[in-house]
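This report refers to the structure that appears directly beneath it.
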Amino acid sequence: MGLRVLLVYPEMPPTYWSMRYALPFIGKKAVFPPLGLLTVAAMLPPDVEVSLVDLNVAPLTDAALAAADLVFISAMIVQKESMAQVIRRCNALGKPVVAGGPYPTSCHDQIQGVAHFVLNEAEVTLPLFLEDYAKGEAKPLYTSAEKPDLTRTPAPRFDLVRRKDYAEMALQFSRGCPYDCEFCDIIELFGRRPRTKTPAQFLHELELLHREGWRGPLFLVDDNFIGNRREVKALLAELIPWQRKHHHPFSFFTEASLDLASDEPLMDQMVQAGFNMVFLGIETPDLCALKAAGKQQNLRADLLASIRTIQRKGMEVCGGFIVGFDSDRGDIFERQARFIQEAAIPTAMVGLLTALPKTRLHRRLAAEGRLTGDSGGGNNTHDLRLNFLPKMEPRKLVDGYKHLLAEIYHPDHYFDRCLRLLKTLKPHRATRRKLHVMELRAFVRSLVVQTFSRYGWAYWRFLVKGFFARPLMVPETVTLAVKGHHYFKITRSLLELESFKASLHEWAQTFEARLQAVAAQDVPQRLAELKAFRDRALTQMQARYQRLPRDFRAYADDAVAAFRASLEERLSRFAREVPAQG
C-alpha cells in the first residue's frame with residue numbers, strides 16, 4: 001500500500017462569517033468546503049491514498065488518524081485553537097503533522113508539535129517536501145518567495161467532499177492584489193501582481209462541478225477578483241456564454257476593490273455572468289484613516305456613490321469595516337454606524353484593527369514599540385483582545401466597538417438596511433435567485449423560528465414590506481431575513497460573553513477591596529467572611545456561566561480559570577499574612 005495522507009481542516013469558531021446559526025435553515029453544516037486542501041489533494045501523486053476530514057461537518061476519529069501515515073493540516077488565524085487541538089491529538093498518537101496555509105505561513109514560529117511546515121504556495125513547496133519525504137530526508141521547514149504560475153495549478157479534488165454538507169462551493173481564479181493597504185497581509189502572502197488561471201482552466205473546473213451535481217451559489221475566493229482586469233474581462237467573455245448554455249446553474253459572489261464602480265463595462269459583464277454579490281474593503285468613512293492606511297483606491301471615489309452604483313447594477317454590496325485606526329476619534333463609532341445604514345449594507349463585517357504578522361502595520365507598530373500581544377491578535381467574535389496599543393484609550397475602543405455591533409445588528413436597523421437594499425437593487429435576469437426546494441425549506445423554517453423570536457415583529461414588518469416592495473425578489477428577502485437571525489444571535493452572544501468577563505473583573509476588584517479593608521483593620525477573624533464572599537462569587541459566576549450561549553462557554557474558560565486561581569491565591573496569601581501581622 002502506498003502513502004496514506006489524511007487532510008484535516010480545523011473547526012471555524014462562531015463568527016459573523018461562519019453563518020453557523022443560518023445554516024440549519026437550509027439543512028447544511030458549513031458554508032463551503034476547504035478549497036485549499038482540495039487543491040493540495042490534487043497535487044499529491046496518484047499512488048497516494050487521500051482522505052479528508054472537515055471538522056466543520058464531521059468529527060475527527062482516532063481510527064481516521066490511526067489509518068494515516070501523514071496528517072496534512074491547513075488553517076487561517078481564526079482556526080488556530082482548533083488546529084492546536086488537532087496537532088495535540090496527532091502527537092499523542094505518533095502521527096507526523098504537515099502544516100501549511102495562511103496561519104502557519106505567517107506564524108509558524110508560534111506553532112508547536114508540527115513535524116514539517118510546508119509554507120507559502122504549495123505549487124512550489126509541496127513537491128520539494130514530497131521528494132525529500134520519499135527519500136527519508138524531509139526537513140522541518142519548506143518555504144519559498146516564488147510566486148507560481150497558476151496555470152500549473154490542478155483542478156481541486158471535489159470528489160473528496162459531499163455536496164449535501166455545504167451551502168455553497170468555492171473556486172479560485174486569481175491570487176494577489178495590486179494595492180498596498182498597510183494592515184493587509186494579502187500582498188505579503190501572494191504579491192502585488194495578480195496571477196490568474198486561464199479561462200479554459202476555470203471553465204474546466206466549472207464543468208467538473210456541474211458534472212458532480214453542484215448548483216447554486218459559488219464563491220470566488222480571489223482576494224481582489226478585479227486585480228487583473230484584462231484577464232478578468234477575458235474570463236467573463238467566456239463565462240457568460242457558458243452560463244447561458246448551461247441555463248445559469250451558478251450564481252457568483254467574490255471580493256473586489258471599490259474602484260469596481262468606475263468600470264461600467266466590467267460590472268455589466270459580471271452581472272451577465274451571474275454575479276449577484278461582491279465584498280468590498282470599505283474600512284472607514286474617515287478620509288485621514290484611509291490615507292494613513294494607504295487605501296488610495298477608496299480616496300479616489302465617493303464611497304456612498306460607488307456603493308450605490310454597484311447595487312443598482314444588481315450586485316449586493318457586503319462591506320469590511322475597521323475601527324482602531326490612529327486617527328479615529330470618539331465619534332468614529334457613530335460615523336461608521338451612520339455610514340453603514342445610509343449605504344444599505346446588510347452584511348457589514350466590522351472588526352477591531354489587528355496588526356497581522358508581516359504587514360506594514362505590524363512592522364510600523366513594532367518599530368514604535370506598540371505591539372502588545374501575539375502576532376495573531378484577537379479580532380475574532382469570541383476574542384476582543386488588541387495586539388497593539390491604539391491611540392484611543394483601549395477600553396474606550398473596545399466598548400465603542402461593542403456598541404457599534406449592537407447598533408448595526410439591532411433587528412430594526414438591520415431590517416431597515418435590507419429593505420433599502422431591496423428597493424435599490426436592480427437584479428439582472430441572470431442573477432435573480434430562483435425559488436427551489438432549499439429556498440422553500442428555508443422560508444418555512446424561517447417562519448417557524450423567527451416569528452416566535454424576540455424580534456418577531458421586526459421580522460414580519462420586513463417580510464411584508466419586502467414582499468410588497470419587490471414581489472419578484474422573495475428569495476432575496478428570505479435570504480436576508482435568515483442571515484439576520486445569524487447576525488443577531490452572534491451579536492447577542494458576543495455581548496453576553498463580554499459582559500460575563502467584565503463581571504469577573506468586577507468581582508475580583510470587590511474581593512481585593514475587601515481584603516484591603518480587612519488588612520487595614522487587622523482582624524484575622526474576618527477570614528471566614530472573606531471565604532464566604534469568595535464562595536458566593538464563585539456560585540454567582542457559575543450560574544452566569546451556565547446562562548452563556550453554549551457555543552461561547554468555552555471562550556470564557558480561560559477567564560474563569562484565571563478568576564478562580566486569583567481568588568484562591570490572594571486568599572491563601574492573606575491567610576498567611578494576617579497571623580504575621582497579629
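Each chain in the C-alpha cells gets a letter, A, B and so on, in the order shown; residues start at 1 in every chain, and ligands are counted from 1 in the order they appear.
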Which of segment 121-357 of chain A DSSP labels helix (DSSP H, G or I), written as a ChimeraX atom specification: /A:122-134,150-152,158-160,163-165,186-190,199-212,229-245,258-262,264-273,287-292,296-299,303-312,332-342
Any chance you could export the current selection's C-alpha atoms as a CSV table (one decimal), in the first residue's frame?
chain,number,residue,atom,x,y,z
A,122,ALA,CA,2.0,24.7,-2.4
A,123,GLU,CA,2.7,24.6,-6.1
A,124,VAL,CA,6.3,25.4,-5.2
A,125,THR,CA,7.0,24.0,-1.7
A,126,LEU,CA,4.9,20.8,-1.7
A,127,PRO,CA,6.9,19.0,-4.5
A,128,LEU,CA,10.1,19.7,-2.6
A,129,PHE,CA,8.7,18.2,0.6
A,130,LEU,CA,7.3,15.1,-1.2
A,131,GLU,CA,10.6,14.5,-2.9
A,132,ASP,CA,12.6,14.7,0.3
A,133,TYR,CA,10.0,12.6,2.2
A,134,ALA,CA,10.2,9.8,-0.4
A,150,LEU,CA,-1.4,29.4,-11.6
A,151,THR,CA,-1.7,27.7,-15.0
A,152,ARG,CA,0.2,24.9,-13.2
A,158,PHE,CA,-14.2,18.0,-5.5
A,159,ASP,CA,-14.8,14.2,-5.1
A,160,LEU,CA,-13.4,14.3,-1.5
A,163,ARG,CA,-22.5,18.3,-1.7
A,164,LYS,CA,-25.2,17.8,1.0
A,165,ASP,CA,-22.9,19.1,3.7
A,186,ILE,CA,-2.6,39.5,1.1
A,187,ILE,CA,0.3,41.1,-0.8
A,188,GLU,CA,2.7,39.6,1.8
A,189,LEU,CA,1.3,36.2,1.1
A,190,PHE,CA,0.6,36.4,-2.6
A,199,PRO,CA,-10.4,30.9,-18.8
A,200,ALA,CA,-10.2,27.4,-20.1
A,201,GLN,CA,-8.9,26.2,-16.7
A,202,PHE,CA,-11.6,27.9,-14.8
A,203,LEU,CA,-14.4,26.6,-17.1
A,204,HIS,CA,-12.9,23.1,-16.8
A,205,GLU,CA,-13.4,23.4,-13.0
A,206,LEU,CA,-16.9,24.6,-13.5
A,207,GLU,CA,-17.6,21.6,-15.8
A,208,LEU,CA,-16.3,19.3,-13.1
A,209,LEU,CA,-18.6,20.9,-10.5
A,210,HIS,CA,-21.5,20.7,-12.9
A,211,ARG,CA,-20.9,17.0,-13.6
A,212,GLU,CA,-20.6,16.4,-9.8
A,229,ARG,CA,-8.9,43.5,-15.2
A,230,ARG,CA,-7.7,42.4,-18.6
A,231,GLU,CA,-7.7,38.7,-17.6
A,232,VAL,CA,-10.9,39.0,-15.7
A,233,LYS,CA,-12.7,40.5,-18.7
A,234,ALA,CA,-11.3,37.7,-20.9
A,235,LEU,CA,-12.7,35.2,-18.4
A,236,LEU,CA,-16.1,36.8,-18.2
A,237,ALA,CA,-16.4,36.9,-22.0
A,238,GLU,CA,-16.3,33.1,-22.0
A,239,LEU,CA,-18.2,32.6,-18.7
A,240,ILE,CA,-21.3,34.5,-20.0
A,241,PRO,CA,-22.0,32.1,-22.9
A,242,TRP,CA,-21.1,29.0,-20.7
A,243,GLN,CA,-23.7,30.1,-18.2
A,244,ARG,CA,-26.3,30.6,-20.9
A,245,LYS,CA,-25.5,27.2,-22.5
A,258,LEU,CA,-14.2,49.8,-4.5
A,259,ASP,CA,-12.9,51.0,-7.9
A,260,LEU,CA,-15.1,48.3,-9.5
A,261,ALA,CA,-17.8,51.1,-9.6
A,262,SER,CA,-15.7,53.1,-12.0
A,264,GLU,CA,-19.3,50.0,-16.1
A,265,PRO,CA,-18.4,47.5,-18.8
A,266,LEU,CA,-16.8,45.3,-16.2
A,267,MET,CA,-19.9,45.5,-13.9
A,268,ASP,CA,-22.1,44.7,-16.9
A,269,GLN,CA,-20.1,41.6,-17.7
A,270,MET,CA,-20.2,40.4,-14.1
A,271,VAL,CA,-23.9,40.6,-13.8
A,272,GLN,CA,-24.4,38.9,-17.2
A,273,ALA,CA,-22.1,36.2,-16.0
A,287,LEU,CA,-10.5,60.0,5.0
A,288,CYS,CA,-7.5,60.6,7.3
A,289,ALA,CA,-7.6,56.9,8.2
A,290,LEU,CA,-7.9,55.8,4.6
A,291,LYS,CA,-4.9,57.9,3.6
A,292,ALA,CA,-2.7,56.7,6.5
A,296,GLN,CA,-5.7,55.1,-2.2
A,297,GLN,CA,-8.4,53.4,-4.3
A,298,ASN,CA,-11.1,54.5,-1.7
A,299,LEU,CA,-9.8,58.0,-1.6
A,303,LEU,CA,-17.7,55.9,-1.2
A,304,LEU,CA,-21.5,56.1,-1.0
A,305,ALA,CA,-21.9,56.9,-4.7
A,306,SER,CA,-19.7,54.0,-5.6
A,307,ILE,CA,-21.7,51.6,-3.5
A,308,ARG,CA,-25.0,52.8,-4.9
A,309,THR,CA,-23.6,52.3,-8.5
A,310,ILE,CA,-22.7,48.7,-7.8
A,311,GLN,CA,-26.0,48.0,-6.1
A,312,ARG,CA,-28.0,49.5,-9.0
A,332,ILE,CA,-16.0,57.1,14.8
A,333,PHE,CA,-18.4,54.5,16.1
A,334,GLU,CA,-21.4,56.7,15.4
A,335,ARG,CA,-20.0,57.7,12.0
A,336,GLN,CA,-19.4,54.1,11.0
A,337,ALA,CA,-23.0,53.1,12.0
A,338,ARG,CA,-24.5,56.0,10.1
A,339,PHE,CA,-22.5,55.2,7.0
A,340,ILE,CA,-23.4,51.5,7.1
A,341,GLN,CA,-27.0,52.4,7.5
A,342,GLU,CA,-27.0,55.0,4.7
Contact residues around segment 85-101 of chain A with only C-alpha atoms at 6 Å, ignoring same-chain residues under 4 positions, as number ranges by chain: A: 70-75, 105, 114-119
Close residues, segment 3-14 of chain A itself excluded, 8 Å, only C-alpha atoms, min 6 positions apart in chain, as a PyMOL selection string: chain A and resi 20+34+37+41+47-56+64-65+67-75+78-80+82-83+86+381-382+490+551-552
Atom CA of Arg364 of chain A to atom CA of Phe225 of chain A, straight-line distance in Å: 28.3 Å
For segment 567-570 of chain A: contacts at 8 Å, only C-alpha atoms, fewer than 5 positions along chain excluded, given as a PDB file with C-alpha atoms, in the first residue's frame:
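Wrote it out as part_16.pdb, contents follow:
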ATOM      1  CA  ALA A 508     -12.086  40.406  41.573  1.00  0.00           C
ATOM      2  CA  PHE A 511     -12.715  40.945  46.602  1.00  0.00           C
ATOM      3  CA  ARG A 534     -15.437  34.009  47.638  1.00  0.00           C
TER       4      ARG A 534
END
Residue contacts of Asp331 of chain A (12 Å, only C-alpha atoms) excluding same-chain residues fewer than 4 positions away, as a list of chain:residue names: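 Residues meeting the cut-off are A:Pro285, A:Asp286, A:Val323, A:Gly324, A:Ser327, A:Arg335, A:Gln336, A:Ala337, A:Arg338, A:Met392, A:Lys396, A:Leu397, A:Gly400, A:Tyr401, A:His403, A:Leu404.
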